[in-house]
file start_33.csv (CSV, C-alpha atoms and all ligand atoms)
chain,number,residue,atom,x,y,z
O,773,MET,CA,153.8,-24.6,93.4
O,774,ILE,CA,154.8,-24.0,89.7
O,775,THR,CA,158.5,-23.9,89.2
O,776,SER,CA,158.4,-24.3,85.4
O,777,HIS,CA,158.2,-21.3,83.0
O,778,ASN,CA,158.2,-21.1,79.2
O,779,ILE,CA,160.4,-18.4,77.6
O,780,TYR,CA,159.4,-16.1,74.7
O,781,ILE,CA,162.1,-13.9,73.2
O,782,HIS,CA,161.0,-11.1,70.9
O,783,VAL,CA,163.2,-9.9,68.0
O,784,PRO,CA,161.7,-6.6,66.7
O,785,PHE,CA,163.6,-6.2,63.4
O,786,CYS,CA,162.5,-7.0,59.9
O,787,VAL,CA,164.1,-6.4,56.5
O,788,SER,CA,161.1,-4.4,55.5
O,789,LYS,CA,157.6,-4.0,56.9
O,790,CYS,CA,154.8,-6.1,55.2
O,791,ARG,CA,151.8,-4.0,54.2
O,792,TYR,CA,149.4,-5.7,56.5
O,793,CYS,CA,151.6,-6.0,59.6
O,794,ALA,CA,150.9,-4.2,62.9
O,795,PHE,CA,153.2,-6.4,65.0
O,796,PHE,CA,155.9,-4.6,67.1
O,797,SER,CA,158.8,-4.6,64.7
O,798,HIS,CA,160.6,-2.1,62.6
O,799,ALA,CA,162.4,-2.2,59.3
O,800,CYS,CA,166.1,-2.1,60.0
O,801,SER,CA,168.8,-3.2,57.6
O,802,ASN,CA,171.6,-3.3,60.2
O,803,PRO,CA,170.5,-3.6,63.8
O,804,ASP,CA,173.0,-3.4,66.6
O,805,TRP,CA,172.9,-7.2,67.2
O,806,ASP,CA,175.6,-7.1,69.9
O,807,GLY,CA,173.7,-4.4,71.8
O,808,TYR,CA,170.4,-6.2,71.5
O,809,THR,CA,171.9,-9.5,72.5
O,810,LYS,CA,173.4,-7.9,75.6
O,811,LYS,CA,170.0,-6.5,76.5
O,812,ILE,CA,168.4,-10.0,76.2
O,813,VAL,CA,171.2,-11.7,78.2
O,814,ASP,CA,170.7,-9.0,80.9
O,815,GLU,CA,167.0,-9.8,81.1
O,816,ILE,CA,167.7,-13.5,81.2
O,817,GLU,CA,170.0,-12.9,84.2
O,818,TYR,CA,167.4,-10.6,85.8
O,819,PHE,CA,164.7,-13.3,85.7
O,820,SER,CA,167.0,-16.0,86.9
O,821,ARG,CA,167.8,-13.9,90.0
O,822,LYS,CA,164.1,-13.3,90.5
O,823,LEU,CA,162.8,-16.8,89.9
O,824,GLY,CA,165.9,-19.1,90.6
O,825,LYS,CA,167.2,-21.7,88.2
O,826,ILE,CA,163.7,-22.9,87.2
O,827,HIS,CA,162.8,-25.6,84.7
O,828,ILE,CA,162.2,-24.4,81.1
O,829,PRO,CA,160.2,-26.7,78.9
O,830,THR,CA,160.0,-24.4,75.8
O,831,ILE,CA,161.7,-21.4,74.2
O,832,PHE,CA,160.1,-19.5,71.4
O,833,PHE,CA,162.0,-16.8,69.3
O,834,GLY,CA,159.3,-14.7,67.7
O,835,GLY,CA,159.2,-11.4,65.9
O,836,GLY,CA,159.7,-9.4,63.9
O,837,THR,CA,162.2,-11.7,62.1
O,838,PRO,CA,164.3,-13.7,64.6
O,839,SER,CA,165.9,-15.6,61.7
O,840,LEU,CA,167.9,-12.4,61.0
O,841,ILE,CA,169.9,-12.8,64.2
O,842,PRO,CA,173.6,-13.7,63.4
O,843,SER,CA,174.2,-17.2,64.6
O,844,LYS,CA,176.9,-16.2,67.1
O,845,ASN,CA,174.4,-13.9,68.9
O,846,PHE,CA,171.8,-16.6,68.8
O,847,SER,CA,174.2,-19.1,70.4
O,848,GLU,CA,175.1,-16.5,73.1
O,849,ILE,CA,171.4,-16.1,74.0
O,850,ILE,CA,170.8,-19.9,74.1
O,851,GLY,CA,174.0,-20.3,76.1
O,852,ALA,CA,172.8,-17.7,78.6
O,853,ILE,CA,169.4,-19.4,79.0
O,854,ARG,CA,171.1,-22.8,79.6
O,855,LYS,CA,173.5,-21.2,82.1
O,856,ASN,CA,170.8,-19.4,84.1
O,857,PHE,CA,167.9,-21.9,84.0
O,858,ASP,CA,167.3,-25.6,83.9
O,859,VAL,CA,166.4,-26.2,80.3
O,860,ALA,CA,164.6,-29.5,79.7
O,861,PRO,CA,166.7,-32.0,77.7
O,862,ASP,CA,163.7,-32.4,75.3
O,863,ALA,CA,162.9,-28.6,75.3
O,864,GLU,CA,161.0,-27.4,72.3
O,865,ILE,CA,163.1,-24.5,70.8
O,866,THR,CA,161.2,-22.7,68.0
O,867,ILE,CA,162.4,-19.9,65.8
O,868,GLU,CA,160.2,-17.9,63.4
O,869,ALA,CA,161.9,-17.8,60.1
O,870,ASN,CA,161.3,-15.6,57.1
O,871,PRO,CA,162.1,-17.2,53.7
O,872,GLY,CA,164.9,-15.1,52.2
O,873,THR,CA,166.7,-14.5,55.5
O,874,LEU,CA,168.0,-18.0,56.4
O,875,ASP,CA,170.5,-19.8,54.3
O,876,ASN,CA,171.6,-23.4,54.7
O,877,THR,CA,174.7,-22.6,56.7
O,878,ARG,CA,172.9,-20.4,59.2
O,879,LEU,CA,170.1,-22.9,59.6
O,880,THR,CA,172.7,-25.5,60.4
O,881,GLU,CA,174.2,-23.2,63.0
O,882,PHE,CA,170.8,-22.5,64.6
O,883,CYS,CA,170.1,-26.2,64.8
O,884,THR,CA,173.5,-26.9,66.3
O,885,ALA,CA,172.6,-24.2,68.9
O,886,GLY,CA,169.4,-26.2,69.8
O,887,VAL,CA,166.6,-25.1,67.4
O,888,ASN,CA,164.4,-28.1,66.8
O,889,ARG,CA,161.3,-26.4,65.4
O,890,LEU,CA,161.0,-23.9,62.5
O,891,SER,CA,158.0,-21.7,61.9
O,892,VAL,CA,158.2,-20.5,58.4
O,893,GLY,CA,156.2,-17.4,57.2
O,894,VAL,CA,155.0,-18.6,53.9
O,895,GLN,CA,151.7,-16.6,53.7
O,896,SER,CA,150.9,-17.6,50.1
O,897,PHE,CA,151.9,-20.0,47.3
O,898,ASP,CA,151.1,-17.2,44.8
O,899,ASP,CA,154.0,-14.9,43.9
O,900,LYS,CA,151.6,-12.1,42.9
O,901,LYS,CA,149.9,-12.3,46.2
O,902,LEU,CA,153.2,-12.3,48.1
O,903,LYS,CA,154.2,-9.1,46.2
O,904,PHE,CA,150.8,-7.5,47.1
O,905,LEU,CA,151.3,-8.4,50.8
O,906,GLY,CA,154.8,-6.8,50.7
O,907,ARG,CA,156.7,-9.9,51.3
O,908,ILE,CA,160.5,-10.0,50.5
O,909,HIS,CA,160.4,-13.6,49.1
O,910,ASN,CA,158.7,-15.8,46.5
O,911,ALA,CA,156.8,-19.1,47.0
O,912,HIS,CA,159.9,-21.1,45.7
O,913,ASP,CA,162.1,-19.6,48.5
O,914,ALA,CA,159.4,-20.5,51.1
O,915,ILE,CA,159.0,-24.1,49.9
O,916,ALA,CA,162.8,-24.5,49.8
O,917,LEU,CA,163.1,-23.4,53.4
O,918,ILE,CA,160.3,-25.8,54.5
O,919,GLU,CA,162.0,-28.7,52.6
O,920,ASN,CA,165.4,-27.8,54.1
O,921,GLY,CA,163.9,-28.1,57.6
O,922,LEU,CA,162.0,-31.3,56.8
O,923,ASN,CA,165.1,-32.9,55.4
O,924,ARG,CA,166.9,-32.3,58.7
O,925,GLY,CA,164.2,-34.0,60.6
O,926,ILE,CA,163.3,-31.0,62.7
O,927,ARG,CA,159.6,-30.0,63.1
O,928,VAL,CA,158.4,-27.5,60.6
O,929,SER,CA,155.3,-25.3,60.7
O,930,ALA,CA,154.1,-22.7,58.1
O,931,ASP,CA,152.0,-19.5,58.4
O,932,PHE,CA,149.5,-18.6,55.8
O,933,ILE,CA,147.2,-15.6,55.3
O,934,TYR,CA,143.8,-16.0,53.6
O,935,GLY,CA,140.9,-13.8,52.7
O,936,LEU,CA,142.9,-11.4,50.5
O,937,PRO,CA,140.8,-9.1,48.2
O,938,GLY,CA,139.3,-11.2,45.4
O,939,GLU,CA,139.9,-14.6,47.1
O,940,ASP,CA,137.2,-17.2,47.4
O,941,VAL,CA,136.6,-20.7,48.8
O,942,GLN,CA,138.3,-22.3,45.7
O,943,ASP,CA,141.5,-20.4,46.4
O,944,ILE,CA,141.8,-21.7,50.0
O,945,ILE,CA,141.0,-25.2,48.9
O,946,GLU,CA,143.9,-25.1,46.5
O,947,THR,CA,146.2,-23.8,49.2
O,948,CYS,CA,145.1,-26.6,51.6
O,949,ASN,CA,145.8,-29.2,48.8
O,950,LYS,CA,149.3,-27.8,48.4
O,951,ILE,CA,149.9,-27.9,52.2
O,952,ASN,CA,148.7,-31.5,52.3
O,953,LYS,CA,151.2,-32.4,49.5
O,954,ILE,CA,154.2,-30.7,51.1
O,955,GLY,CA,153.8,-33.0,54.1
O,956,ILE,CA,154.2,-30.5,57.0
O,957,THR,CA,152.6,-31.6,60.2
O,958,HIS,CA,151.7,-28.1,61.6
O,959,CYS,CA,150.4,-24.9,60.0
O,960,SER,CA,148.8,-21.6,61.1
O,961,MET,CA,146.0,-20.2,58.9
O,962,TYR,CA,145.3,-16.5,59.6
O,963,GLU,CA,142.4,-14.5,58.2
O,964,LEU,CA,143.8,-11.2,56.8
O,965,THR,CA,143.0,-8.6,59.4
O,966,ILE,CA,143.1,-5.0,58.2
O,967,GLU,CA,145.0,-3.1,60.9
O,968,PRO,CA,144.7,0.7,61.1
O,969,ASN,CA,148.1,2.5,60.7
O,970,THR,CA,149.4,0.0,58.2
O,971,PRO,CA,149.5,0.5,54.4
O,972,PHE,CA,146.5,-1.9,54.0
O,973,GLY,CA,144.6,0.1,56.7
O,974,LYS,CA,144.8,3.2,54.4
O,975,MET,CA,143.9,1.5,51.1
O,976,ASN,CA,140.2,0.9,51.4
O,977,LEU,CA,140.6,-2.7,50.1
O,978,ASP,CA,137.6,-4.6,48.7
O,979,MET,CA,137.7,-7.5,51.2
O,980,PRO,CA,135.7,-10.7,50.9
O,981,SER,CA,132.3,-10.6,52.7
O,982,ASN,CA,132.0,-12.0,56.3
O,983,GLU,CA,130.0,-14.9,54.7
O,984,THR,CA,132.9,-15.8,52.3
O,985,MET,CA,135.4,-15.5,55.1
O,986,ALA,CA,133.3,-17.9,57.3
O,987,ASP,CA,133.0,-20.3,54.3
O,988,MET,CA,136.8,-20.2,53.8
O,989,TYR,CA,137.3,-21.0,57.4
O,990,ILE,CA,135.0,-24.0,57.2
O,991,ALA,CA,136.7,-25.1,53.9
O,992,ILE,CA,140.1,-25.1,55.7
O,993,GLY,CA,138.7,-27.5,58.4
O,994,ASP,CA,137.2,-29.7,55.7
O,995,ASN,CA,140.2,-29.8,53.3
O,996,LEU,CA,143.4,-29.6,55.4
O,997,LYS,CA,144.6,-33.1,56.5
O,998,LEU,CA,145.7,-31.6,59.8
O,999,PRO,CA,143.2,-31.3,62.6
O,1000,ARG,CA,142.4,-27.9,64.0
O,1001,TYR,CA,143.6,-27.6,67.6
O,1002,GLU,CA,143.2,-23.8,68.0
O,1003,VAL,CA,141.2,-21.2,66.1
O,1004,SER,CA,144.0,-20.6,63.6
O,1005,ASN,CA,146.3,-23.6,64.2
O,1006,TYR,CA,146.3,-27.1,62.7
O,1007,ALA,CA,148.5,-30.1,63.5
O,1008,LEU,CA,148.8,-33.8,63.6
O,1009,VAL,CA,148.2,-35.1,67.1
O,1010,GLY,CA,151.6,-34.8,69.0
O,1011,HIS,CA,152.8,-32.1,66.6
O,1012,GLU,CA,151.1,-29.1,68.2
O,1013,CYS,CA,153.3,-26.2,69.2
O,1014,ARG,CA,154.0,-27.0,72.8
O,1015,HIS,CA,155.0,-23.5,73.6
O,1016,ASN,CA,151.8,-21.9,72.4
O,1017,GLN,CA,149.7,-24.7,73.9
O,1018,ASN,CA,151.3,-24.2,77.3
O,1019,VAL,CA,150.7,-20.4,77.1
O,1020,TRP,CA,147.0,-20.9,76.0
O,1021,ASP,CA,146.5,-23.4,78.8
O,1022,GLY,CA,147.6,-20.8,81.3
O,1023,ALA,CA,151.1,-21.9,82.1
O,1024,PRO,CA,153.5,-19.1,83.1
O,1025,TYR,CA,156.0,-17.7,80.6
O,1026,ILE,CA,158.8,-15.1,80.7
O,1027,GLY,CA,158.7,-12.5,78.0
O,1028,ILE,CA,162.1,-11.2,77.0
O,1029,GLY,CA,163.1,-8.4,74.6
O,1030,ASP,CA,161.5,-5.2,73.5
O,1031,GLY,CA,157.8,-5.5,73.2
O,1032,ALA,CA,157.6,-8.9,74.9
O,1033,ALA,CA,155.1,-9.5,77.7
O,1034,GLY,CA,155.1,-12.4,80.2
O,1035,ARG,CA,153.0,-13.9,83.0
O,1036,ILE,CA,155.1,-15.0,85.9
O,1037,TYR,CA,154.0,-17.2,88.8
O,1038,LEU,CA,156.0,-16.5,92.0
O,1039,ASN,CA,155.2,-17.2,95.7
O,1040,ASN,CA,151.6,-18.2,94.8
O,1041,THR,CA,151.0,-14.9,93.0
O,1042,TRP,CA,150.6,-14.1,89.3
O,1043,TYR,CA,152.6,-11.2,87.9
O,1044,GLU,CA,152.3,-9.3,84.6
O,1045,GLU,CA,155.7,-8.3,83.2
O,1046,LEU,CA,157.2,-6.4,80.3
O,1047,GLY,CA,160.8,-7.2,80.7
O,1048,ALA,CA,163.6,-6.5,83.2
O,1049,GLY,CA,162.8,-3.4,85.2
O,1050,LYS,CA,160.1,-2.1,82.8
O,1051,MET,CA,157.1,-3.5,84.6
O,1052,PHE,CA,156.4,-6.3,87.1
O,1053,GLN,CA,153.0,-6.1,88.8
O,1054,PRO,CA,150.8,-8.5,90.6
O,1055,MET,CA,147.5,-9.7,89.0
O,1056,THR,CA,144.4,-10.8,90.8
O,1057,ASP,CA,143.5,-14.5,90.4
O,1058,LYS,CA,140.3,-13.3,88.7
O,1059,ALA,CA,142.2,-11.3,86.1
O,1060,ARG,CA,144.4,-14.3,85.4
O,1061,ALA,CA,141.4,-16.7,85.3
O,1062,ILE,CA,139.7,-14.4,82.7
O,1063,GLU,CA,142.8,-14.6,80.5
O,1064,ARG,CA,142.8,-18.4,80.8
O,1065,VAL,CA,139.2,-18.5,79.5
O,1066,ILE,CA,140.1,-16.1,76.6
O,1067,THR,CA,143.0,-18.1,75.4
O,1068,GLY,CA,141.8,-21.6,76.5
O,1069,MET,CA,138.4,-21.2,74.7
O,1070,ARG,CA,140.3,-20.6,71.4
O,1071,THR,CA,141.7,-24.2,71.7
O,1072,MET,CA,139.7,-27.2,70.8
O,1073,ARG,CA,140.5,-28.9,74.1
O,1074,GLY,CA,139.1,-25.8,75.9
O,1075,VAL,CA,139.6,-24.7,79.5
O,1076,HIS,CA,140.1,-26.9,82.5
O,1077,ILE,CA,137.4,-25.9,85.0
O,1078,ASP,CA,139.3,-25.6,88.3
O,1079,ASP,CA,138.3,-23.6,91.4
O,1080,THR,CA,139.5,-20.2,90.1
O,1081,ILE,CA,137.7,-20.7,86.7
O,1082,LYS,CA,134.5,-21.8,88.5
O,1083,LYS,CA,134.4,-18.4,90.3
O,1084,ILE,CA,134.3,-16.4,87.0
O,1085,LEU,CA,132.4,-18.8,84.7
O,1086,ASN,CA,128.7,-18.2,83.9
O,1087,ILE,CA,127.9,-21.9,84.2
O,1088,GLU,CA,124.2,-21.3,83.7
O,1089,PHE,CA,124.8,-19.7,80.3
O,1090,ALA,CA,127.2,-22.5,79.3
O,1091,LYS,CA,124.7,-25.3,80.3
O,1092,THR,CA,121.8,-23.7,78.4
O,1093,HIS,CA,123.8,-23.2,75.1
O,1094,PRO,CA,124.8,-26.7,74.0
O,1095,ASP,CA,124.9,-25.5,70.3
O,1096,VAL,CA,127.9,-23.4,71.0
O,1097,ILE,CA,129.5,-24.8,74.2
O,1098,MET,CA,130.3,-28.3,75.2
O,1099,PHE,CA,131.5,-29.9,78.4
O,1100,SER,CA,133.7,-33.0,78.5
O,1101,ASN,CA,135.0,-34.4,81.8
O,1102,ASP,CA,136.3,-31.3,83.7
O,1103,ARG,CA,136.7,-29.1,80.6
O,1104,ILE,CA,134.6,-26.6,78.7
O,1105,ALA,CA,135.1,-25.9,75.0
O,1106,ALA,CA,133.5,-24.2,72.0
O,1107,THR,CA,131.7,-26.4,69.5
O,1108,ASN,CA,132.3,-25.9,65.8
O,1109,ALA,CA,129.4,-23.4,65.7
O,1110,GLY,CA,130.8,-21.7,68.8
O,1111,ILE,CA,134.2,-21.1,67.3
O,1112,LEU,CA,132.6,-18.9,64.6
O,1113,VAL,CA,131.2,-16.6,67.3
O,1114,LEU,CA,134.0,-16.9,69.8
O,1115,ASP,CA,134.4,-13.3,70.9
O,1116,ASP,CA,130.7,-12.9,71.7
O,1117,LEU,CA,130.7,-16.3,73.4
O,1118,ILE,CA,133.6,-15.5,75.7
O,1119,GLU,CA,132.0,-12.2,76.7
O,1120,LYS,CA,128.9,-14.1,77.8
O,1121,LEU,CA,130.8,-16.9,79.5
O,1122,VAL,CA,132.7,-14.7,81.9
O,1123,LYS,CA,130.9,-13.3,84.9
O,1201,LIG,C1,154.4,-12.7,64.5
O,1201,LIG,S1,154.2,-12.8,62.8
O,1201,LIG,C2,155.9,-13.1,62.5
O,1201,LIG,C3,156.3,-14.1,61.5
O,1201,LIG,C4,157.4,-13.6,60.6
O,1201,LIG,N1,157.9,-12.3,60.9
O,1201,LIG,C5,156.9,-13.6,59.2
O,1201,LIG,O1,156.3,-12.7,58.8
O,1201,LIG,O2,157.2,-14.6,58.4
O,1201,LIG,C6,153.3,-14.3,62.7
O,1201,LIG,C7,152.3,-14.4,61.6
O,1201,LIG,O3,151.2,-13.5,61.8
O,1201,LIG,C8,150.5,-13.4,60.6
O,1201,LIG,N2,150.0,-12.0,60.5
O,1201,LIG,C9,150.6,-10.9,60.8
O,1201,LIG,N3,149.8,-9.8,60.6
O,1201,LIG,C10,148.7,-10.3,60.1
O,1201,LIG,C11,147.4,-9.7,59.7
O,1201,LIG,N4,147.3,-8.4,59.7
O,1201,LIG,N5,146.4,-10.5,59.3
O,1201,LIG,C12,146.6,-11.8,59.3
O,1201,LIG,N6,147.7,-12.4,59.6
O,1201,LIG,C13,148.7,-11.7,60.1
O,1201,LIG,C14,151.4,-13.8,59.5
O,1201,LIG,O4,151.0,-15.0,58.9
O,1201,LIG,C15,152.7,-14.0,60.2
O,1201,LIG,O5,153.5,-15.0,59.7
O,1202,LIG,S1,154.7,-10.0,59.0
O,1202,LIG,FE1,156.6,-10.7,59.8
O,1202,LIG,S2,158.2,-10.0,58.3
O,1202,LIG,FE2,156.4,-8.9,57.9
O,1202,LIG,S3,156.6,-7.0,59.0
O,1202,LIG,FE3,155.4,-8.4,60.3
O,1202,LIG,S4,156.8,-9.3,61.6
O,1202,LIG,FE4,158.0,-8.4,59.9
call {"tool": "encode", "arguments": {"input": "start_33.csv", "output": "structure tokens", "more": "lines below"}}
Ligand SMILES: C[S@@+](CC[C@H](N)C(=O)[O-])C[C@H]1O[C@@H](n2cnc3c(N)ncnc32)[C@H](O)[C@@H]1O
Ligand code: SF4
result
Amino acid sequence: MITSHNIYIHVPFCVSKCRYCAFFSHACSNPDWDGYTKKIVDEIEYFSRKLGKIHIPTIFFGGGTPSLIPSKNFSEIIGAIRKNFDVAPDAEITIEANPGTLDNTRLTEFCTAGVNRLSVGVQSFDDKKLKFLGRIHNAHDAIALIENGLNRGIRVSADFIYGLPGEDVQDIIETCNKINKIGITHCSMYELTIEPNTPFGKMNLDMPSNETMADMYIAIGDNLKLPRYEVSNYALVGHECRHNQNVWDGAPYIGIGDGAAGRIYLNNTWYEELGAGKMFQPMTDKARAIERVITGMRTMRGVHIDDTIKKILNIEFAKTHPDVIMFSNDRIAATNAGILVLDDLIEKLVK
């Protein structure tokens, strides 16, 4: 019986939309923060009534730009979570932060409210590239925010986007060297995806070839001093994002806020939810097991082969393809070669 759930809170507001971004967020200079906070607190209370005062190991504020929340609203949300649930004393509390939206005073207030992990959207160390991406900050702002977090002793991660038009392997090696020097213990490296219905989607950009992208991915693994623990995520051992790791491993999580989805485990049944009153429907064990394979295979530790996974796994395929799939103890994972063809692999792995 699982009584523990992670919490994800979505904040769908940004100062302006970046030119590549298809995430659920809108540019809004002055959101109704009190109204949105009330909505979030109502959802927290709704899930507490439904699930009881369950244990919460991690809370993740994602966006959009959660670092825009006024600190009094942020404290109110954290207070409501603590009142309605049993938050672990060592809970990981992460906030995604955009450079240019979080000054020293507000960062102090966030930390006082409980934030102990900062995920900074750096994207690039090159100001020209930041401008091209449509970011509102420069590299100096981003490094200053990272250093501010590090000086406080909280955990700091940074997001980067690579594979911009004209970029090659040498560019990503230089980025890796700079990341190594800054001394962060976690970072996310995302290949630029051109999403339809974004400005980039309409620009017919001259992107690097698939071969160059694959070479850049390999160069990240070779040059970053942080081991890869998920397709796009790198960390020193013990510094992984516990929230994401739990979700990728198949632990339940409550999604709160506009655009947030969750997976709830209640009375031996899995439920898919989209926030209070919007949607709460049972999932079959098979559907949940398939999700666990999709997210778990993206991690280097892979998927724990339990009874539900056994029912949907094409073991014959896995055993006959040791070049792309490996077994260790009771887990199955992609090899380095497998990671490069992951979507195809997962399709073949699921019966
Ligand atoms: C949920 S977003 C929010 C983070 C925060 N709003 C920010 O931009 O700093 C998380 C990360 O996804 C990455 N991302 C978003 N859209 C992307 C795209 N089209 N291609 C590659 N990476 C993308 C960016 O690195 C971004 O920091
Ligand atoms: S990348 Fe981040 S800051 Fe930019 S529009 Fe998307 S969510 Fe907002």
call {"tool": "residues_around", "arguments": {"input": "start_33.csv", "residues": "Pro803 in chain O", "least_positions_apart": "3", "cutoff": "10 Å", "atoms": "all atoms listed in the file", "output": "list in words"}}
result
Pro784, Phe785, Cys786, Ala799, Cys800, Asp806, Gly807, Tyr808, Leu840 and Ile841 of chain O
call {"tool": "residues_around", "arguments": {"input": "start_33.csv", "residues": "range 1096-1102 of chain O", "least_positions_apart": "2", "cutoff": "10 Å", "atoms": "only C-alpha atoms", "output": "list in words"}}
result
Met1069, Arg1073, Gly1074, Val1075, His1076, Ile1077, Asp1078, Phe1089, Ala1090, Lys1091, Thr1092, His1093, Pro1094, Ile1104, Ala1105, Ala1106, Thr1107, Asn1108, Ala1109, Gly1110, Ile1111, Leu1112, Val1113, Leu1114, Leu1117 and Leu1121 of chain O
call {"tool": "residues_around", "arguments": {"input": "start_33.csv", "residues": "Val1122 in chain O", "least_positions_apart": "3", "cutoff": "8 Å", "atoms": "all atoms listed in the file", "output": "ChimeraX atom specification"}}
result
/O:1062,1065,1084-1086,1118-1119
call {"tool": "atom_distance", "arguments": {"input": "start_33.csv", "atom1": "atom S2 of ligand LIG 1202 (chain O)", "atom2": "CA of Ile954 in chain O"}}
result
22.3 Å
call {"tool": "residues_near_ligand", "arguments": {"input": "start_33.csv", "ligand": "ligand LIG 1201 (chain O)", "cutoff": "7 Å", "atoms": "all atoms listed in the file", "output": "list in words"}}
result
Tyr792, Cys793, Ala794, Phe795, Gly834, Gly835, Gly836, Thr837, Glu868, Ala869, Asn870, Val892, Gly893, Val894, Gln895, Asp931, Phe932, Ile933, Tyr962, Glu963, Leu964, Thr965, Ile966 and Glu967 of chain O
call {"tool": "atom_distance", "arguments": {"input": "start_33.csv", "atom1": "CA of Met979 in chain O", "atom2": "CA of Leu902 in chain O"}}
result
16.5 Å
call {"tool": "residues_around", "arguments": {"input": "start_33.csv", "residues": "Pro1054 in chain O", "least_positions_apart": "3", "cutoff": "10 Å", "atoms": "only C-alpha atoms", "output": "list in words"}}
result
Arg1035, Ile1036, Tyr1037, Leu1038, Thr1041, Trp1042, Tyr1043, Glu1044, Glu1045 and Asp1057 of chain O
call {"tool": "atom_distance", "arguments": {"input": "start_33.csv", "atom1": "CA of Cys790 in chain O", "atom2": "CA of Ser960 in chain O"}}
result
17.6 Å
call {"tool": "residues_around", "arguments": {"input": "start_33.csv", "residues": "Ile992 in chain O", "least_positions_apart": "2", "cutoff": "8 Å", "atoms": "all atoms listed in the file", "output": "JSON, numbers by chain"}}
result
{"O": [944, 945, 948, 988, 989, 990, 994, 995, 996]}
call {"tool": "residues_near_point", "arguments": {"input": "start_33.csv", "point": "(148.4, -10.0, 45.7)", "cutoff": "12 Å", "atoms": "only C-alpha atoms", "output": "PyMOL selection string"}}
result
chain O and resi 791-792+895-907+910+933-939+972+977
call {"tool": "closest_residue", "arguments": {"input": "start_33.csv", "among": "O:Leu879, O:Lys855, O:Glu919, O:Thr1056", "to": "Pro842 in chain O", "atoms": "only C-alpha atoms"}}
result
O:Leu879
call {"tool": "closest_residue", "arguments": {"input": "start_33.csv", "among": "O:Lys1123, O:Arg1064, O:Lys974, O:His782", "to": "ligand LIG 1202 (chain O)", "atoms": "only C-alpha atoms and all ligand atoms"}}
result
O:His782
call {"tool": "closest_residue", "arguments": {"input": "start_33.csv", "among": "O:Thr830, O:Asn856, O:Ser788, O:Ser776", "to": "ligand LIG 1202 (chain O)", "atoms": "all atoms listed in the file"}}
result
O:Ser788
call {"tool": "closest_residue", "arguments": {"input": "start_33.csv", "among": "O:Tyr1025, O:Phe832, O:Gly872, O:Glu946", "to": "ligand LIG 1202 (chain O)", "atoms": "only C-alpha atoms and all ligand atoms"}}
result
O:Gly872
call {"tool": "closest_residue", "arguments": {"input": "start_33.csv", "among": "O:Ile908, O:Ile850, O:Ile812, O:Ala885", "to": "ligand LIG 1202 (chain O)", "atoms": "only C-alpha atoms and all ligand atoms"}}
result
O:Ile908
call {"tool": "closest_residue", "arguments": {"input": "start_33.csv", "among": "O:Thr866, O:Thr873, O:Asn802, O:Ser820", "to": "ligand LIG 1202 (chain O)", "atoms": "only C-alpha atoms and all ligand atoms"}}
result
O:Thr873
call {"tool": "residues_near_point", "arguments": {"input": "start_33.csv", "point": "(165.5, -25.8, 73.2)", "cutoff": "6 Å", "atoms": "all atoms listed in the file", "output": "ChimeraX atom specification"}}
result
/O:831,863-865,886-887
call {"tool": "decode", "arguments": {"input": "start_33.csv", "residues": "range 1095-1117 of chain O", "atoms": "C-alpha atoms", "output": "PDB file, in the first residue's frame"}}
result
ATOM      1  CA  ASP O1095      23.777  -4.527 -27.977  1.00  0.00           C
ATOM      2  CA  VAL O1096      20.929  -2.199 -26.986  1.00  0.00           C
ATOM      3  CA  ILE O1097      19.443  -3.780 -23.832  1.00  0.00           C
ATOM      4  CA  MET O1098      21.096  -5.003 -20.658  1.00  0.00           C
ATOM      5  CA  PHE O1099      19.859  -6.850 -17.602  1.00  0.00           C
ATOM      6  CA  SER O1100      21.312  -6.351 -14.150  1.00  0.00           C
ATOM      7  CA  ASN O1101      19.819  -8.110 -11.131  1.00  0.00           C
ATOM      8  CA  ASP O1102      16.083  -7.554 -11.455  1.00  0.00           C
ATOM      9  CA  ARG O1103      16.299  -4.490 -13.728  1.00  0.00           C
ATOM     10  CA  ILE O1104      16.352  -3.881 -17.471  1.00  0.00           C
ATOM     11  CA  ALA O1105      18.070  -0.831 -18.983  1.00  0.00           C
ATOM     12  CA  ALA O1106      19.227   0.580 -22.332  1.00  0.00           C
ATOM     13  CA  THR O1107      22.936   0.347 -23.190  1.00  0.00           C
ATOM     14  CA  ASN O1108      24.776   3.440 -24.488  1.00  0.00           C
ATOM     15  CA  ALA O1109      23.904   2.310 -28.020  1.00  0.00           C
ATOM     16  CA  GLY O1110      20.295   1.690 -26.945  1.00  0.00           C
ATOM     17  CA  ILE O1111      19.885   5.212 -25.583  1.00  0.00           C
ATOM     18  CA  LEU O1112      20.497   6.597 -29.089  1.00  0.00           C
ATOM     19  CA  VAL O1113      17.510   4.619 -30.497  1.00  0.00           C
ATOM     20  CA  LEU O1114      15.309   4.708 -27.419  1.00  0.00           C
ATOM     21  CA  ASP O1115      11.880   5.437 -28.951  1.00  0.00           C
ATOM     22  CA  ASP O1116      12.231   2.554 -31.372  1.00  0.00           C
ATOM     23  CA  LEU O1117      13.516   0.314 -28.589  1.00  0.00           C
TER      24      LEU O1117
END
